[in-house]
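> One structure, as structure tokens, below. Some questions next.
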Amino acid sequence: MAKNVGILAMDIYFPPTCVQQEALEAHDGASKGKYTIGLGQDCLAFCTELEDVISMSFNAVTSLFEKYKIDPNQIGRLEVGSETVIDKSKSIKTFLMQLFEKCGNTDVEGVDSTNACYGGTAALLNCVNWVESNSWDGRYGLVICTDSAVYAEGPARPTGGAAAIAMLIGPDAPIVFESKLRASHMAHVYDFYKPNLASEYPVVDGKLSQTCYLMALDSCYKHLCNKFEKIEGKEFSINDADYIVFHSPYNKLVQKSFARLLYNDFLRNASSIDEAAKEKFTPYSSLTLDESYQSRDLEKVSQQIAKPFYDAKVQPTTLIPKEVGNMYTASLYAAFASLIHKKHNDLAGKRVVMFSYGSGSTATMFSLRLNDNKPPFSISNIASVMDVGGKLKARHEYAPEKFVETMKLMEHRYGAKDFVTTKEGIIDLLAPGTYYLKEVDSLYRRFYGKKGEDGSVANGH
């Protein structure tokens, strides 16, 4: 049986095109600080007509393979998590098989997992379970989380974003799954869904969605604490997690969610709550569960108590989600990538608790243990390969007007056929070696090119 199964390597790709949230506020006529302070967001990355979830996936996978010198024949399972529907039948995974076919490897298990922002976690758990099982054939698993989050004009639009993340799964990993420490919450809710197949835009009940997120968080945390206490024979509180990583639709919800965990610790009488905090929480001890979700006062008090813990345990995970936006399935793992980027020298021996949420609703909380492995599969190597700082710096800011224009074009192109993308101007923004969408033919077949190292436009897949 494989030991210490987990994430060996990671890479991230997000579009080089972005819009500043502050500029978007002014353009939308929103009150100053509505997106930056109210949502807690700084910037939003988006796909132009040259990019989509497939091209982003190609970029994340090929970069990972090149930087870690992985032969596609070494991959035995490939799972994709996404909620961005390109085709109702053909999986994104099948497009990526072109990278494997040319090496003669068609023996690759797995397809796409879909349920709002949770699909990436489903894909990841499937790969980890496969490596830990009797079905494992000794090869690596590969997980892709890829999404382009777009919203109709209006208050939800600033919560968009786009990215793809690739993760290599195998034994003796620097990032190990504590497989017994995993708790889920699944329910039937209409908080966010995409029933109109002619549109990429979701139907959203923002208030309900936030409550569902917090309910799932409460439920998962309670089950995780119980499991830990059964296994270890002692109490679990937020003190037992060095870092906590959240799925981040927008940063303000992450702040509220972390504070909610402290309220849970108070209700459980956990040791993380000192006398001063106990005193502040006591007036809210008799609230019903429903009342606690709606209480603004409780929210405020919880966040005040949580602040020093938040700064230490959560703040280092927030960089990419604040700078790129909501990446749906990639969001949680981009937050984890932020932690590795910020703290890679100080993560050995640490426990990281992850919380994944997808509307509709599905959620899992799970625990990772980080080790100081030897390169190429080491925490510090993951940090340098991802080059988060370099990628953020190399981006190109669009004016809000140009962003809105791009959104209109993408809306028009959604589900369309028989078009060739306009390279002019936009291709210059893509780094050499980047895959991009060339055309969609009259039979809806998609064709991709690859920008040459010399900036030339070459044929690809």
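Starting from 1 in every chain, residues are counted up; chains themselves are A, B, ... following the order of the structure tokens, and ligands are numbered from 1 as listed.
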Write out as a PyMOL selection string the set of residues from segment 46-208 of chain A that DSSP, computed on the backbone, places in strand (DSSP E or B).
chain A and resi 75-81+109+112-113+115+117+140-149+161-170+175-186+192-193+203-204
> Let's see if you can do this: from backbone DSSP, list all alpha helix (DSSP H) residues in segment 222-408 of chain A, as a PyMOL selection string.
chain A and resi 222-232+251-267+275-281+289-294+296-313+319-324+331-343+379-386+388-393+400-408
> Could you tell me how far atom CA of Asp71 of chain A lies from atom CA of Trp130 of chain A, in Å and to one decimal?
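Between atom CA of Asp71 of chain A and atom CA of Trp130 of chain A the gap is 19.7 Å.
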> Using only C-alpha atoms, find the one residue out of A:Glu49, A:Asp107, A:Glu83, A:Asp387 that sits nearest to Lys67 of chain A.
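Among A:Glu49, A:Asp107, A:Glu83, A:Asp387, it is A:Asp387 that comes nearest to Lys67 of chain A.
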> For atom CA of Ser367 of chain A and atom CA of Ala183 of chain A, quote the distance in Å rounded to one decimal.
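It comes out at 9.5 Å.
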> Calculate how many Å separate atom CA of Phe377 of chain A from atom CA of Asn129 of chain A, rounding to one decimal.
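Taking atom CA of Phe377 of chain A and atom CA of Asn129 of chain A, their separation equals 20.0 Å.
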> Please report as a Markdown table every residue of segment 319-373 of chain A lying within 12 Å of segment 9-21 of chain A, along with the nearest atom pair and their distance in Å (one decimal), using only C-alpha atoms.

| residue | atom | partner | partner_atom | distance |
| --- | --- | --- | --- | --- |
| A:Ile320 | CA | A:Phe14 | CA | 9.8 |
| A:Pro321 | CA | A:Phe14 | CA | 11.2 |
| A:Lys322 | CA | A:Gln21 | CA | 9.8 |
| A:Glu323 | CA | A:Gln20 | CA | 8.8 |
| A:Val324 | CA | A:Phe14 | CA | 7.6 |
| A:Gly325 | CA | A:Cys18 | CA | 9.7 |
| A:Asn326 | CA | A:Phe14 | CA | 11.5 |
| A:Met327 | CA | A:Phe14 | CA | 9.2 |
| A:Ala330 | CA | A:Ile12 | CA | 9.0 |
| A:Ser331 | CA | A:Ile12 | CA | 11.0 |
| A:Tyr333 | CA | A:Ile12 | CA | 9.1 |
| A:Ala334 | CA | A:Ile12 | CA | 7.6 |
| A:Ala335 | CA | A:Ile12 | CA | 11.1 |
| A:Phe336 | CA | A:Met10 | CA | 10.3 |
| A:Ala337 | CA | A:Ile12 | CA | 8.1 |
| A:Ser338 | CA | A:Ile12 | CA | 10.5 |
| A:Ile340 | CA | A:Met10 | CA | 10.2 |
| A:His341 | CA | A:Asp11 | CA | 11.4 |
| A:Asn373 | CA | A:Ala9 | CA | 11.4 |
> Produce a file of the selected residues containing all heavy atoms, as a compact mmCIF listing (two decimals), in the first residue's frame.

# COMPACT_ATOMS: atom_id res chain seq x y z
N ILE A 320 -3.96 35.23 -3.53
CA ILE A 320 -4.45 34.98 -4.90
C ILE A 320 -5.97 35.16 -5.00
O ILE A 320 -6.44 35.82 -5.93
CB ILE A 320 -4.01 33.59 -5.44
CG1 ILE A 320 -2.49 33.45 -5.36
CG2 ILE A 320 -4.46 33.40 -6.89
CD1 ILE A 320 -1.96 32.05 -5.66
N PRO A 321 -6.76 34.63 -4.05
CA PRO A 321 -8.21 34.89 -4.16
C PRO A 321 -8.58 36.37 -4.18
O PRO A 321 -9.52 36.76 -4.87
CB PRO A 321 -8.78 34.19 -2.92
CG PRO A 321 -7.81 33.08 -2.65
CD PRO A 321 -6.47 33.66 -2.98
N LYS A 322 -7.83 37.22 -3.47
CA LYS A 322 -8.12 38.66 -3.49
C LYS A 322 -7.67 39.31 -4.79
O LYS A 322 -8.26 40.27 -5.26
CB LYS A 322 -7.44 39.35 -2.30
CG LYS A 322 -8.12 39.06 -0.96
CD LYS A 322 -7.33 39.57 0.22
CE LYS A 322 -7.59 41.05 0.43
NZ LYS A 322 -7.20 41.47 1.81
N GLU A 323 -6.60 38.79 -5.36
CA GLU A 323 -6.02 39.38 -6.57
C GLU A 323 -6.63 38.84 -7.87
O GLU A 323 -6.59 39.49 -8.89
CB GLU A 323 -4.50 39.12 -6.60
CG GLU A 323 -3.71 40.04 -5.71
CD GLU A 323 -3.66 41.47 -6.20
OE1 GLU A 323 -3.87 41.70 -7.41
OE2 GLU A 323 -3.41 42.38 -5.38
N VAL A 324 -7.15 37.62 -7.82
CA VAL A 324 -7.67 36.97 -9.05
C VAL A 324 -9.19 36.87 -9.02
O VAL A 324 -9.84 36.88 -10.06
CB VAL A 324 -7.00 35.58 -9.24
CG1 VAL A 324 -7.58 34.83 -10.41
CG2 VAL A 324 -5.49 35.75 -9.43
N GLY A 325 -9.77 36.76 -7.81
CA GLY A 325 -11.23 36.65 -7.69
C GLY A 325 -11.65 35.22 -7.41
O GLY A 325 -10.82 34.37 -7.09
N ASN A 326 -12.93 34.96 -7.56
CA ASN A 326 -13.46 33.62 -7.31
C ASN A 326 -13.16 32.74 -8.52
O ASN A 326 -13.64 32.99 -9.62
CB ASN A 326 -14.98 33.70 -7.07
CG ASN A 326 -15.56 32.35 -6.67
OD1 ASN A 326 -14.84 31.37 -6.52
ND2 ASN A 326 -16.86 32.31 -6.50
N MET A 327 -12.38 31.70 -8.30
CA MET A 327 -11.99 30.79 -9.39
C MET A 327 -12.79 29.50 -9.31
O MET A 327 -12.36 28.48 -9.84
CB MET A 327 -10.50 30.52 -9.31
CG MET A 327 -9.65 31.77 -9.39
SD MET A 327 -8.08 31.62 -8.48
CE MET A 327 -8.54 32.23 -6.87
N ALA A 330 -11.07 26.13 -8.50
CA ALA A 330 -9.65 26.40 -8.22
C ALA A 330 -9.46 27.30 -7.00
O ALA A 330 -8.33 27.46 -6.51
CB ALA A 330 -8.99 27.04 -9.45
N SER A 331 -10.55 27.87 -6.50
CA SER A 331 -10.46 28.89 -5.45
C SER A 331 -9.77 28.40 -4.17
O SER A 331 -8.84 29.04 -3.66
CB SER A 331 -11.87 29.41 -5.13
OG SER A 331 -11.89 30.10 -3.92
N TYR A 333 -7.78 25.90 -3.77
CA TYR A 333 -6.40 25.47 -4.00
C TYR A 333 -5.50 26.66 -4.35
O TYR A 333 -4.30 26.63 -4.09
CB TYR A 333 -6.40 24.34 -5.05
CG TYR A 333 -7.27 23.23 -4.51
CD1 TYR A 333 -8.61 23.08 -4.94
CD2 TYR A 333 -6.83 22.43 -3.46
CE1 TYR A 333 -9.44 22.13 -4.34
CE2 TYR A 333 -7.65 21.49 -2.86
CZ TYR A 333 -8.96 21.35 -3.30
OH TYR A 333 -9.79 20.43 -2.70
N ALA A 334 -6.10 27.73 -4.88
CA ALA A 334 -5.35 28.98 -5.08
C ALA A 334 -5.05 29.63 -3.73
O ALA A 334 -3.99 30.21 -3.54
CB ALA A 334 -6.15 29.92 -5.97
N ALA A 335 -5.99 29.50 -2.79
CA ALA A 335 -5.75 30.00 -1.43
C ALA A 335 -4.62 29.20 -0.78
O ALA A 335 -3.73 29.77 -0.12
CB ALA A 335 -7.03 29.90 -0.60
N PHE A 336 -4.63 27.89 -1.00
CA PHE A 336 -3.55 27.03 -0.47
C PHE A 336 -2.22 27.38 -1.15
O PHE A 336 -1.17 27.44 -0.49
CB PHE A 336 -3.92 25.56 -0.71
CG PHE A 336 -2.94 24.57 -0.13
CD1 PHE A 336 -2.54 24.67 1.19
CD2 PHE A 336 -2.42 23.55 -0.91
CE1 PHE A 336 -1.62 23.76 1.74
CE2 PHE A 336 -1.52 22.64 -0.38
CZ PHE A 336 -1.12 22.74 0.94
N ALA A 337 -2.26 27.68 -2.45
CA ALA A 337 -1.05 28.09 -3.17
C ALA A 337 -0.51 29.41 -2.60
O ALA A 337 0.70 29.60 -2.52
CB ALA A 337 -1.36 28.27 -4.67
N SER A 338 -1.42 30.29 -2.17
CA SER A 338 -1.00 31.56 -1.54
C SER A 338 -0.22 31.30 -0.27
O SER A 338 0.78 31.95 0.02
CB SER A 338 -2.22 32.43 -1.20
OG SER A 338 -3.03 32.65 -2.31
N ILE A 340 1.49 28.57 0.49
CA ILE A 340 2.80 28.01 0.13
C ILE A 340 3.72 29.14 -0.35
O ILE A 340 4.90 29.21 0.02
CB ILE A 340 2.66 26.90 -0.94
CG1 ILE A 340 1.94 25.69 -0.31
CG2 ILE A 340 4.02 26.49 -1.50
CD1 ILE A 340 1.55 24.61 -1.30
N HIS A 341 3.18 30.05 -1.16
CA HIS A 341 3.95 31.20 -1.66
C HIS A 341 4.48 32.06 -0.50
O HIS A 341 5.64 32.44 -0.47
CB HIS A 341 3.05 32.03 -2.59
CG HIS A 341 3.56 33.40 -2.89
ND1 HIS A 341 4.70 33.62 -3.64
CD2 HIS A 341 3.10 34.63 -2.53
CE1 HIS A 341 4.90 34.93 -3.73
NE2 HIS A 341 3.96 35.57 -3.06
N ASN A 373 10.14 17.62 2.39
CA ASN A 373 10.69 16.57 1.52
C ASN A 373 11.87 17.06 0.69
O ASN A 373 12.14 18.24 0.62
CB ASN A 373 9.59 16.05 0.58
CG ASN A 373 8.73 15.01 1.24
OD1 ASN A 373 8.56 15.04 2.45
ND2 ASN A 373 8.18 14.10 0.48
> Neighbouring residues of segment 241-255 of chain A were defined as those with any atom within 8 Å, considering only C-alpha atoms; residues of the same chain fewer than 4 positions away were excluded. Please report them as a CSV table (one decimal) with N, CA and C atoms, in the first residue's frame.

chain,number,residue,atom,x,y,z
A,37,ILE,N,-13.7,46.9,0.2
A,37,ILE,CA,-13.9,46.7,1.6
A,37,ILE,C,-15.1,45.8,1.9
A,38,GLY,N,-16.2,46.1,1.2
A,38,GLY,CA,-17.4,45.3,1.4
A,38,GLY,C,-17.2,43.8,1.0
A,39,LEU,N,-16.6,43.6,-0.1
A,39,LEU,CA,-16.3,42.2,-0.6
A,39,LEU,C,-14.9,41.7,-0.2
A,40,GLY,N,-14.0,42.7,0.1
A,40,GLY,CA,-12.6,42.4,0.5
A,40,GLY,C,-11.8,42.0,-0.7
A,41,GLN,N,-12.2,42.4,-2.0
A,41,GLN,CA,-11.4,42.0,-3.2
A,41,GLN,C,-10.6,43.2,-3.7
A,159,THR,N,-17.6,39.5,-8.3
A,159,THR,CA,-17.2,38.3,-7.6
A,159,THR,C,-16.7,37.2,-8.6
A,210,GLN,N,-24.8,32.5,1.3
A,210,GLN,CA,-23.9,32.7,2.5
A,210,GLN,C,-24.3,31.9,3.7
A,237,SER,N,-9.6,21.9,18.6
A,237,SER,CA,-10.1,23.3,18.5
A,237,SER,C,-9.3,24.0,17.4
A,259,ALA,N,-14.3,33.4,11.8
A,259,ALA,CA,-14.9,33.9,13.0
A,259,ALA,C,-16.0,32.9,13.5
A,303,GLN,N,-15.9,38.4,14.8
A,303,GLN,CA,-14.7,38.9,14.0
A,303,GLN,C,-13.7,39.6,14.8
A,310,TYR,N,-7.1,35.1,13.0
A,310,TYR,CA,-7.2,35.3,11.6
A,310,TYR,C,-5.9,35.7,10.9
A,312,ALA,N,-2.9,35.3,11.9
A,312,ALA,CA,-1.9,34.3,11.9
A,312,ALA,C,-2.3,33.1,11.1
A,313,LYS,N,-3.5,32.6,11.1
A,313,LYS,CA,-3.9,31.3,10.5
A,313,LYS,C,-4.5,31.4,9.1
A,314,VAL,N,-5.1,32.6,8.8
A,314,VAL,CA,-5.9,32.6,7.5
A,314,VAL,C,-5.3,33.7,6.6
A,317,THR,N,-3.3,33.0,3.5
A,317,THR,CA,-3.9,32.2,2.4
A,317,THR,C,-4.7,33.1,1.4
A,318,THR,N,-4.8,34.4,1.6
A,318,THR,CA,-5.8,35.2,0.9
A,318,THR,C,-5.3,35.9,-0.3
A,321,PRO,N,-6.8,34.6,-4.1
A,321,PRO,CA,-8.2,34.9,-4.2
A,321,PRO,C,-8.6,36.4,-4.2
A,322,LYS,N,-7.8,37.2,-3.5
A,322,LYS,CA,-8.1,38.7,-3.5
A,322,LYS,C,-7.7,39.3,-4.8
A,325,GLY,N,-9.8,36.8,-7.8
A,325,GLY,CA,-11.2,36.6,-7.7
A,325,GLY,C,-11.6,35.2,-7.4
A,326,ASN,N,-12.9,35.0,-7.6
A,326,ASN,CA,-13.5,33.6,-7.3
A,326,ASN,C,-13.2,32.7,-8.5
A,327,MET,N,-12.4,31.7,-8.3
A,327,MET,CA,-12.0,30.8,-9.4
A,327,MET,C,-12.8,29.5,-9.3
A,328,TYR,N,-13.9,29.5,-8.6
A,328,TYR,CA,-14.8,28.4,-8.4
A,328,TYR,C,-14.0,27.2,-7.9
A,331,SER,N,-10.6,27.9,-6.5
A,331,SER,CA,-10.5,28.9,-5.5
A,331,SER,C,-9.8,28.4,-4.2
A,332,LEU,N,-10.2,27.3,-3.6
A,332,LEU,CA,-9.6,26.7,-2.4
A,332,LEU,C,-8.1,26.5,-2.6
A,335,ALA,N,-6.0,29.5,-2.8
A,335,ALA,CA,-5.8,30.0,-1.4
A,335,ALA,C,-4.6,29.2,-0.8
A,336,PHE,N,-4.6,27.9,-1.0
A,336,PHE,CA,-3.6,27.0,-0.5
A,336,PHE,C,-2.2,27.4,-1.1
A,350,LYS,N,3.6,21.3,9.9
A,350,LYS,CA,2.4,22.0,10.2
A,350,LYS,C,1.2,21.3,9.7
A,351,ARG,N,0.0,21.5,10.4
A,351,ARG,CA,-1.3,21.0,9.9
A,351,ARG,C,-2.1,22.1,9.3
A,352,VAL,N,-2.6,21.8,8.1
A,352,VAL,CA,-3.5,22.8,7.4
A,352,VAL,C,-4.8,22.2,7.2
A,353,VAL,N,-5.9,22.8,7.7
A,353,VAL,CA,-7.2,22.4,7.6
A,353,VAL,C,-7.9,23.1,6.4
A,354,MET,N,-8.5,22.4,5.5
A,354,MET,CA,-9.1,22.9,4.2
A,354,MET,C,-10.6,22.8,4.3
A,355,PHE,N,-11.3,23.8,3.9
A,355,PHE,CA,-12.7,23.8,3.8
A,355,PHE,C,-13.2,24.1,2.4
A,356,SER,N,-13.8,23.1,1.8
A,356,SER,CA,-14.3,23.2,0.4
A,356,SER,C,-15.8,23.3,0.4
A,357,TYR,N,-16.4,24.2,-0.4
A,357,TYR,CA,-17.8,24.4,-0.4
A,357,TYR,C,-18.3,24.6,-1.9
> Do a neighbour search on segment 55-57 of chain A at 8 Å with only C-alpha atoms, toss out local chain neighbours closer than 2 positions, and write the hits as a PDB file with N, CA and C atoms, in the first residue's frame.

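Output file around-v4.pdb is given in full below:
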ATOM      1  N   TYR A  13      -2.244  28.540 -13.223  1.00  0.00           N
ATOM      2  CA  TYR A  13      -2.299  29.472 -14.360  1.00  0.00           C
ATOM      3  C   TYR A  13      -3.533  30.349 -14.192  1.00  0.00           C
ATOM      4  N   PHE A  14      -3.359  31.658 -14.336  1.00  0.00           N
ATOM      5  CA  PHE A  14      -4.528  32.538 -14.434  1.00  0.00           C
ATOM      6  C   PHE A  14      -4.285  33.521 -15.571  1.00  0.00           C
ATOM      7  N   PRO A  15      -5.353  34.057 -16.158  1.00  0.00           N
ATOM      8  CA  PRO A  15      -5.186  34.939 -17.315  1.00  0.00           C
ATOM      9  C   PRO A  15      -4.345  36.168 -16.977  1.00  0.00           C
ATOM     10  N   GLU A  51      -9.010  32.835 -24.418  1.00  0.00           N
ATOM     11  CA  GLU A  51      -8.807  31.879 -23.333  1.00  0.00           C
ATOM     12  C   GLU A  51     -10.122  31.270 -22.857  1.00  0.00           C
ATOM     13  N   ASP A  52     -10.028  30.030 -22.379  1.00  0.00           N
ATOM     14  CA  ASP A  52     -11.179  29.360 -21.773  1.00  0.00           C
ATOM     15  C   ASP A  52     -10.659  28.306 -20.800  1.00  0.00           C
ATOM     16  N   VAL A  53     -11.552  27.522 -20.229  1.00  0.00           N
ATOM     17  CA  VAL A  53     -11.111  26.555 -19.207  1.00  0.00           C
ATOM     18  C   VAL A  53     -10.201  25.475 -19.789  1.00  0.00           C
ATOM     19  N   ASN A  59      -2.373  24.942 -20.156  1.00  0.00           N
ATOM     20  CA  ASN A  59      -1.242  25.729 -19.647  1.00  0.00           C
ATOM     21  C   ASN A  59      -0.768  25.237 -18.284  1.00  0.00           C
ATOM     22  N   ALA A  60      -1.716  24.923 -17.390  1.00  0.00           N
ATOM     23  CA  ALA A  60      -1.334  24.449 -16.051  1.00  0.00           C
ATOM     24  C   ALA A  60      -0.637  23.089 -16.128  1.00  0.00           C
ATOM     25  N   VAL A  61      -1.179  22.189 -16.969  1.00  0.00           N
ATOM     26  CA  VAL A  61      -0.622  20.819 -17.064  1.00  0.00           C
ATOM     27  C   VAL A  61       0.743  20.821 -17.739  1.00  0.00           C
ATOM     28  N   LEU A  96      -7.612  17.209 -22.864  1.00  0.00           N
ATOM     29  CA  LEU A  96      -6.255  17.116 -22.318  1.00  0.00           C
ATOM     30  C   LEU A  96      -5.557  15.820 -22.732  1.00  0.00           C
ATOM     31  N   ILE A 144      -6.911  18.488 -12.134  1.00  0.00           N
ATOM     32  CA  ILE A 144      -7.013  19.849 -12.666  1.00  0.00           C
ATOM     33  C   ILE A 144      -8.279  20.484 -12.113  1.00  0.00           C
ATOM     34  N   CYS A 145      -8.157  21.682 -11.556  1.00  0.00           N
ATOM     35  CA  CYS A 145      -9.320  22.491 -11.157  1.00  0.00           C
ATOM     36  C   CYS A 145      -9.322  23.689 -12.102  1.00  0.00           C
ATOM     37  N   THR A 146     -10.367  23.844 -12.885  1.00  0.00           N
ATOM     38  CA  THR A 146     -10.367  24.924 -13.876  1.00  0.00           C
ATOM     39  C   THR A 146     -11.743  25.553 -14.010  1.00  0.00           C
ATOM     40  N   ALA A 163      -9.094  30.799 -13.334  1.00  0.00           N
ATOM     41  CA  ALA A 163      -7.785  30.172 -13.120  1.00  0.00           C
ATOM     42  C   ALA A 163      -7.873  28.679 -13.373  1.00  0.00           C
ATOM     43  N   ALA A 164      -6.711  28.060 -13.512  1.00  0.00           N
ATOM     44  CA  ALA A 164      -6.603  26.599 -13.532  1.00  0.00           C
ATOM     45  C   ALA A 164      -5.435  26.204 -12.647  1.00  0.00           C
ATOM     46  N   ILE A 165      -5.630  25.120 -11.893  1.00  0.00           N
ATOM     47  CA  ILE A 165      -4.568  24.597 -11.025  1.00  0.00           C
ATOM     48  C   ILE A 165      -4.362  23.125 -11.353  1.00  0.00           C
ATOM     49  N   ALA A 166      -3.110  22.711 -11.440  1.00  0.00           N
ATOM     50  CA  ALA A 166      -2.782  21.298 -11.655  1.00  0.00           C
ATOM     51  C   ALA A 166      -2.065  20.774 -10.421  1.00  0.00           C
ATOM     52  N   TYR A 435      -1.011  28.297 -24.431  1.00  0.00           N
ATOM     53  CA  TYR A 435      -2.076  27.779 -25.295  1.00  0.00           C
ATOM     54  C   TYR A 435      -3.234  28.773 -25.328  1.00  0.00           C
ATOM     55  N   TYR A 436      -3.917  28.844 -26.472  1.00  0.00           N
ATOM     56  CA  TYR A 436      -5.061  29.748 -26.587  1.00  0.00           C
ATOM     57  C   TYR A 436      -6.080  29.163 -27.577  1.00  0.00           C
ATOM     58  N   LEU A 437      -7.303  29.634 -27.501  1.00  0.00           N
ATOM     59  CA  LEU A 437      -8.370  29.176 -28.402  1.00  0.00           C
ATOM     60  C   LEU A 437      -8.207  29.860 -29.757  1.00  0.00           C
ATOM     61  N   TYR A 448      -7.100  24.657 -30.694  1.00  0.00           N
ATOM     62  CA  TYR A 448      -6.219  25.486 -29.874  1.00  0.00           C
ATOM     63  C   TYR A 448      -4.854  25.645 -30.533  1.00  0.00           C
TER      64      TYR A 448
END
> Excluding same-chain residues fewer than 4 positions from Lys207 of chain A, what lies within 9 Å of it counting only C-alpha atoms, as a ChimeraX atom specification?
/A:191,211-212
> Report as a ChimeraX atom specification all protein, DNA and RNA residues lying within 12 Å of Tyr201 of chain A, evaluated on only C-alpha atoms, omitting residues in the same chain fewer than 2 positions from it.
/A:83-85,148-154,156-157,160,192-199,203-204,407,410-411,414
> Which of these residues is nearest to Lys417 of chain A, using only C-alpha atoms: A:Gly358, A:Asn381, A:Tyr444, A:Ala399?
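Smallest separation from Lys417 of chain A among the options: A:Tyr444.
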